[in-house]
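Text of the file run36.txt, holding compact mmCIF, C-alpha atoms:
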```txt
# COMPACT_ATOMS: atom_id res chain seq x y z
CA ASP A 1 116.87 105.44 130.01
CA GLY A 2 117.42 103.91 133.41
CA GLY A 3 114.55 102.45 135.33
CA ILE A 4 112.78 99.44 136.72
CA THR A 5 110.89 97.03 134.49
CA GLN A 6 108.22 94.76 135.89
CA SER A 7 106.67 92.01 133.85
CA PRO A 8 104.10 90.93 133.06
CA LYS A 9 101.72 93.85 133.57
CA TYR A 10 98.79 91.48 134.14
CA LEU A 11 98.99 87.90 135.37
CA PHE A 12 96.31 85.32 135.99
CA ARG A 13 96.94 82.37 138.26
CA LYS A 14 94.92 79.27 138.88
CA GLU A 15 94.55 78.19 142.46
CA GLY A 16 97.38 75.89 143.52
CA GLN A 17 99.87 77.30 141.01
CA ASN A 18 103.11 79.09 141.70
CA VAL A 19 103.81 82.19 139.61
CA THR A 20 106.92 84.35 139.30
CA LEU A 21 106.88 88.11 138.85
CA SER A 22 109.88 89.67 137.20
CA CYS A 23 111.68 92.83 138.34
CA GLU A 24 114.75 94.14 136.50
CA GLN A 25 116.61 97.42 137.06
CA ASN A 26 119.46 99.09 135.20
CA LEU A 27 120.02 101.83 137.77
CA ASN A 28 122.95 100.09 139.48
CA HIS A 29 121.00 100.17 142.74
CA ASP A 30 122.05 97.78 145.49
CA ALA A 31 118.75 97.67 147.40
CA MET A 32 115.55 96.25 145.95
CA TYR A 33 112.09 95.78 147.46
CA TRP A 34 108.77 94.05 146.81
CA TYR A 35 105.53 95.59 148.03
CA ARG A 36 101.94 94.43 147.82
CA GLN A 37 99.05 96.88 147.41
CA ASP A 38 95.41 95.96 147.90
CA PRO A 39 92.61 98.15 146.48
CA GLY A 40 92.42 101.53 148.19
CA GLN A 41 95.22 100.62 150.57
CA GLY A 42 98.82 101.52 151.19
CA LEU A 43 101.86 99.40 150.43
CA ARG A 44 102.97 96.47 152.56
CA LEU A 45 106.52 95.13 152.38
CA ILE A 46 106.95 91.49 151.31
CA TYR A 47 110.71 91.05 150.95
CA TYR A 48 113.75 93.23 150.47
CA SER A 49 117.37 92.78 149.49
CA GLN A 50 120.18 95.16 150.32
CA ILE A 51 122.84 93.35 148.34
CA VAL A 52 123.29 90.45 145.94
CA ASN A 53 122.78 86.99 147.45
CA ASP A 54 121.10 88.41 150.54
CA PHE A 55 117.47 89.17 151.32
CA GLN A 56 115.20 89.64 154.35
CA LYS A 57 111.54 89.06 155.08
CA GLY A 58 109.27 92.04 155.28
CA ASP A 59 105.97 92.34 157.11
CA ILE A 60 103.96 89.88 154.99
CA ALA A 61 106.47 87.32 153.64
CA GLU A 62 104.38 84.19 154.21
CA GLY A 63 103.50 82.48 150.92
CA TYR A 64 106.17 84.36 148.95
CA SER A 65 109.78 83.66 148.02
CA VAL A 66 112.53 85.67 146.34
CA SER A 67 116.05 85.33 145.01
CA ARG A 68 118.81 87.85 144.34
CA GLU A 69 121.41 86.16 142.19
CA LYS A 70 122.18 89.28 140.16
CA LYS A 71 122.27 92.93 141.14
CA GLU A 72 119.84 93.80 138.36
CA SER A 73 117.18 91.21 139.11
CA PHE A 74 114.89 90.49 142.07
CA PRO A 75 112.12 88.05 141.06
CA LEU A 76 109.20 87.32 143.36
CA THR A 77 107.46 83.95 143.43
CA VAL A 78 103.91 83.81 144.71
CA THR A 79 103.44 80.26 145.94
CA SER A 80 100.29 78.22 146.40
CA ALA A 81 100.71 78.79 150.13
CA GLN A 82 99.67 82.43 149.68
CA LYS A 83 95.96 82.24 150.45
CA ASN A 84 94.90 85.59 149.04
CA PRO A 85 97.35 86.52 146.28
CA THR A 86 95.09 88.76 144.20
CA ALA A 87 96.73 92.19 144.47
CA PHE A 88 98.90 94.79 142.76
CA TYR A 89 102.62 94.04 143.21
CA LEU A 90 105.21 96.79 143.09
CA CYS A 91 108.98 96.46 142.86
CA ALA A 92 111.28 99.29 143.91
CA SER A 93 114.96 100.05 144.25
CA THR A 94 117.18 102.67 145.79
CA LEU A 95 120.82 103.65 145.67
CA ASP A 96 120.90 105.04 149.20
CA ARG A 97 117.95 104.72 151.55
CA LEU A 98 119.27 107.55 153.73
CA LEU A 99 119.68 110.13 150.99
CA GLY A 100 117.32 109.27 148.18
CA GLY A 101 113.87 108.02 147.41
CA TYR A 102 112.79 104.76 145.88
CA THR A 103 112.31 104.24 142.16
CA PHE A 104 109.26 102.10 141.46
CA GLY A 105 108.31 99.87 138.58
CA SER A 106 104.89 100.15 136.96
CA GLY A 107 103.55 97.11 138.79
CA THR A 108 102.08 93.68 138.08
CA ARG A 109 98.41 93.03 138.72
CA LEU A 110 97.92 89.41 139.78
CA THR A 111 94.49 87.82 139.72
CA VAL A 112 93.58 84.33 140.91
CA VAL A 113 91.02 82.67 138.66
CA SER B 114 101.26 97.84 161.16
CA GLN B 115 101.23 101.23 159.47
CA GLN B 116 103.98 103.59 160.58
CA GLY B 117 102.49 106.53 158.73
CA GLU B 118 98.84 107.47 158.60
CA GLU B 119 97.56 110.10 156.20
CA ASP B 120 94.72 112.49 156.81
CA PRO B 121 92.31 113.06 155.17
CA GLN B 122 91.72 109.79 153.34
CA ALA B 123 90.19 111.70 150.44
CA LEU B 124 90.21 115.31 149.29
CA SER B 125 88.26 117.04 146.51
CA ILE B 126 89.19 120.56 145.41
CA GLN B 127 88.80 122.93 142.48
CA GLU B 128 91.64 123.63 140.08
CA GLY B 129 93.72 126.51 141.34
CA GLU B 130 93.06 125.80 145.02
CA ASN B 131 95.69 124.52 147.44
CA ALA B 132 95.62 120.94 148.72
CA THR B 133 96.97 120.02 152.14
CA MET B 134 97.37 116.55 153.52
CA ASN B 135 98.92 115.34 156.74
CA CYS B 136 100.89 112.33 157.88
CA SER B 137 101.42 111.10 161.41
CA TYR B 138 103.89 108.44 162.49
CA LYS B 139 104.74 106.58 165.65
CA THR B 140 108.48 106.06 166.07
CA SER B 141 111.63 108.11 165.57
CA ILE B 142 112.60 108.48 161.94
CA ASN B 143 115.66 109.07 159.82
CA ASN B 144 113.64 110.64 157.01
CA LEU B 145 110.10 110.99 155.69
CA GLN B 146 109.19 110.84 152.03
CA TRP B 147 106.14 111.69 149.94
CA TYR B 148 105.09 109.78 146.83
CA ARG B 149 102.39 110.19 144.19
CA GLN B 150 100.53 107.33 142.52
CA ASN B 151 98.30 107.69 139.53
CA SER B 152 95.59 105.06 139.24
CA GLY B 153 96.98 101.64 138.41
CA ARG B 154 100.56 102.88 138.14
CA GLY B 155 103.75 102.74 140.17
CA LEU B 156 104.68 105.34 142.75
CA VAL B 157 106.70 108.43 141.91
CA HIS B 158 109.02 109.95 144.51
CA LEU B 159 108.18 113.61 145.19
CA ILE B 160 110.29 114.81 148.07
CA LEU B 161 112.40 113.60 150.99
CA ILE B 162 112.79 115.50 154.25
CA ARG B 163 115.34 114.47 156.87
CA SER B 164 114.63 114.38 160.58
CA ASN B 165 116.80 117.46 161.18
CA GLU B 166 114.94 119.51 158.55
CA ARG B 167 111.71 121.41 159.19
CA GLU B 168 110.60 122.52 155.74
CA LYS B 169 111.38 121.72 152.15
CA HIS B 170 110.14 123.02 148.81
CA SER B 171 110.07 121.54 145.34
CA GLY B 172 108.21 123.47 142.67
CA ARG B 173 104.57 123.73 143.82
CA LEU B 174 105.17 121.30 146.68
CA ARG B 175 105.91 122.31 150.25
CA VAL B 176 106.62 119.74 152.95
CA THR B 177 106.92 120.40 156.65
CA LEU B 178 108.11 118.09 159.38
CA ASP B 179 107.45 118.41 163.12
CA THR B 180 109.38 115.66 164.90
CA SER B 181 108.04 116.73 168.30
CA LYS B 182 104.51 115.96 167.09
CA LYS B 183 105.63 113.12 164.82
CA SER B 184 103.80 114.64 161.90
CA SER B 185 104.36 116.00 158.42
CA SER B 186 102.27 117.91 155.93
CA LEU B 187 102.32 118.12 152.14
CA LEU B 188 100.96 121.26 150.50
CA ILE B 189 100.29 121.41 146.77
CA THR B 190 99.78 125.00 145.69
CA ALA B 191 97.71 126.14 142.70
CA SER B 192 96.50 122.61 142.01
CA ARG B 193 95.92 121.33 138.50
CA ALA B 194 93.74 118.54 137.15
CA ALA B 195 96.95 116.58 136.52
CA ASP B 196 97.59 116.55 140.29
CA THR B 197 94.68 114.12 140.67
CA ALA B 198 96.31 111.05 142.26
CA SER B 199 96.88 109.26 145.54
CA TYR B 200 99.60 110.66 147.76
CA PHE B 201 101.50 108.51 150.24
CA CYS B 202 103.88 109.34 153.03
CA ALA B 203 106.59 106.85 153.91
CA THR B 204 108.99 106.79 156.81
CA LEU B 205 112.46 105.37 157.25
CA LYS B 206 112.88 104.57 160.92
CA ALA B 207 116.01 105.68 162.72
CA ALA B 208 118.56 102.89 162.11
CA GLY B 209 116.00 101.27 159.83
CA ASN B 210 116.61 99.87 156.38
CA LYS B 211 113.20 99.91 154.72
CA LEU B 212 110.37 102.36 154.09
CA THR B 213 106.97 101.93 155.70
CA PHE B 214 104.03 103.46 153.84
CA GLY B 215 100.79 104.94 155.07
CA GLY B 216 97.36 104.32 153.58
CA GLY B 217 97.41 107.38 151.32
CA THR B 218 95.25 110.41 150.57
CA ARG B 219 93.21 110.33 147.37
CA VAL B 220 93.14 113.80 145.81
CA LEU B 221 90.66 114.81 143.13
CA VAL B 222 91.24 118.15 141.40
CA LYS B 223 88.17 119.23 139.49
CA PRO B 224 88.67 121.41 136.41
```

Could you write out this file's structure as structure tokens?
Amino acid sequence: DGGITQSPKYLFRKEGQNVTLSCEQNLNHDAMYWYRQDPGQGLRLIYYSQIVNDFQKGDIAEGYSVSREKKESFPLTVTSAQKNPTAFYLCASTLDRLLGGYTFGSGTRLTVV
Amino acid sequence: SQQGEEDPQALSIQEGENATMNCSYKTSINNLQWYRQNSGRGLVHLILIRSNEREKHSGRLRVTLDTSKKSSSLLITASRAADTASYFCATLKAAGNKLTFGGGTRVLVKP
């Protein structure tokens, strides 16, 4: 079955560490997105990529980095520069933003310990 | 900043009743979408309505769009306990290339 796989489901980070969240899709979608969700809140866009080897900052990109070397993969690195990284991270993709909705992964919950 | 804002923030109803939630936005849009999120899970796309459409149905879901008022509504008819979730509206701005989500409406359907 096609879909988006995020791993790990839970991640614990010590202060000062960088961590990388994985997002893989087998839907043949060009566009991929990373959102952050805080408890009881909506989603805020971190980074997005409309095509391989290209990506743009979203509304809250500071302290995060991404790469898009393959169509299927869009990993997100949470760097030590992100002061409040504890949150639920969601990856999404779409074939056509004008005609269809986003497909979301099941999320990664990151906690700083 | 939030493009879409849902109202109410929370809604509690009995099974079998209808649930209505609203979304307001600020700028011209290409389309508006509704998503459902069960606790601790990813979002599931429910329905997309384009700026030139006024109403759309999908099963027990009915979505309306009023571009003059910059608002949309989602109606869930004959609600079930399994409809308990958070519902989010998201807008794609005209000439935009990414969705902006609202804060969501938390719906509790009591059996």

Check which residues of chain B sit at most 7 Å from chain A using only C-alpha atoms, and return one row each with the closest pair of atoms and their distance in Å to one decimal, ordered by chain and rising number, as JSON lines.
```
{"residue": "B:Arg154", "atom": "CA", "partner": "A:Ser106", "partner_atom": "CA", "distance": 5.3}
{"residue": "B:Gly155", "atom": "CA", "partner": "A:Ser106", "partner_atom": "CA", "distance": 4.3}
{"residue": "B:Leu156", "atom": "CA", "partner": "A:Phe104", "partner_atom": "CA", "distance": 5.8}
{"residue": "B:Val157", "atom": "CA", "partner": "A:Phe104", "partner_atom": "CA", "distance": 6.8}
{"residue": "B:His158", "atom": "CA", "partner": "A:Gly101", "partner_atom": "CA", "distance": 6.0}
{"residue": "B:Leu161", "atom": "CA", "partner": "A:Gly101", "partner_atom": "CA", "distance": 6.8}
{"residue": "B:Asn210", "atom": "CA", "partner": "A:Arg97", "partner_atom": "CA", "distance": 7.0}
{"residue": "B:Phe214", "atom": "CA", "partner": "A:Leu43", "partner_atom": "CA", "distance": 5.7}
{"residue": "B:Gly215", "atom": "CA", "partner": "A:Gly42", "partner_atom": "CA", "distance": 5.5}
{"residue": "B:Gly216", "atom": "CA", "partner": "A:Gly42", "partner_atom": "CA", "distance": 4.0}
{"residue": "B:Gly217", "atom": "CA", "partner": "A:Gly42", "partner_atom": "CA", "distance": 6.0}
```

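Proximity ranking of B:Cys136, B:Leu124, B:Leu221, B:Leu145 relative to Leu205 in chain B places B:Leu145 first, based on only C-alpha atoms.
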
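Using only C-alpha atoms, the shortest contact distance between Thr94 in chain A and any of A:Gln25, A:Thr77, A:Asn18, A:Asn53 is found at A:Gln25.
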
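In this model, the gap between CA of Lys183 in chain B and CA of Asn144 in chain B comes to 11.5 Å.
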
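For the choices B:Ala203, B:Thr213, B:Ser184, B:Asn135, the atom-to-atom distance to Leu159 in chain B is smallest for B:Ala203 when using all atoms listed in the file.
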
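Relative to CA of Ser164 in chain B, CA of Ala132 in chain B is found at 23.3 Å.
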
Provide an axis-aligned box for all listed atoms of range 169-184 of chain B, padding each side by 3 Å; report its centre and its edge lengths in Å to one decimal, as JSON.
```
{"center_x": 107.6, "center_y": 118.4, "center_z": 155.5, "size_x": 13.6, "size_y": 16.6, "size_z": 31.6}
```

| said: Env of range 68-76 of chain A: 6 Å cut, atoms = all atoms listed in the file, seq-sep filter 5 positions within chain, self excluded. Answer as JSON, numbers by chain. | reply: {"A": [20, 21, 22, 23, 24, 25, 52, 53]}

The distance between CA of Ile4 in chain A and CA of Asn28 in chain A is 10.6 Å

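You can rank B:Thr133, B:Thr180, B:Gln122, B:Thr218 by their closest distance to Asn165 in chain B using all atoms listed in the file, and at the top of that list sits B:Thr180.
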
Which polymer residues have any atom within 9 Å of an atom of Lys223 in chain B, counting only C-alpha atoms, with same-chain residues fewer than 2 positions away left out, as number ranges by chain?
B: 125-128, 193-194, 197, 221

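For Ile189 in chain B, the list of residues within 6 Å, based on only C-alpha atoms and with local chain neighbours fewer than 3 positions off taken out, reads Asn131, Ala132, Arg173 and Leu174 of chain B.
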
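Comparing the minimum interatomic distances between Asp196 in chain B and each of B:His170, B:Pro224, B:Ala208, B:Asp179, counting only C-alpha atoms, we find that B:Pro224 sits nearest.
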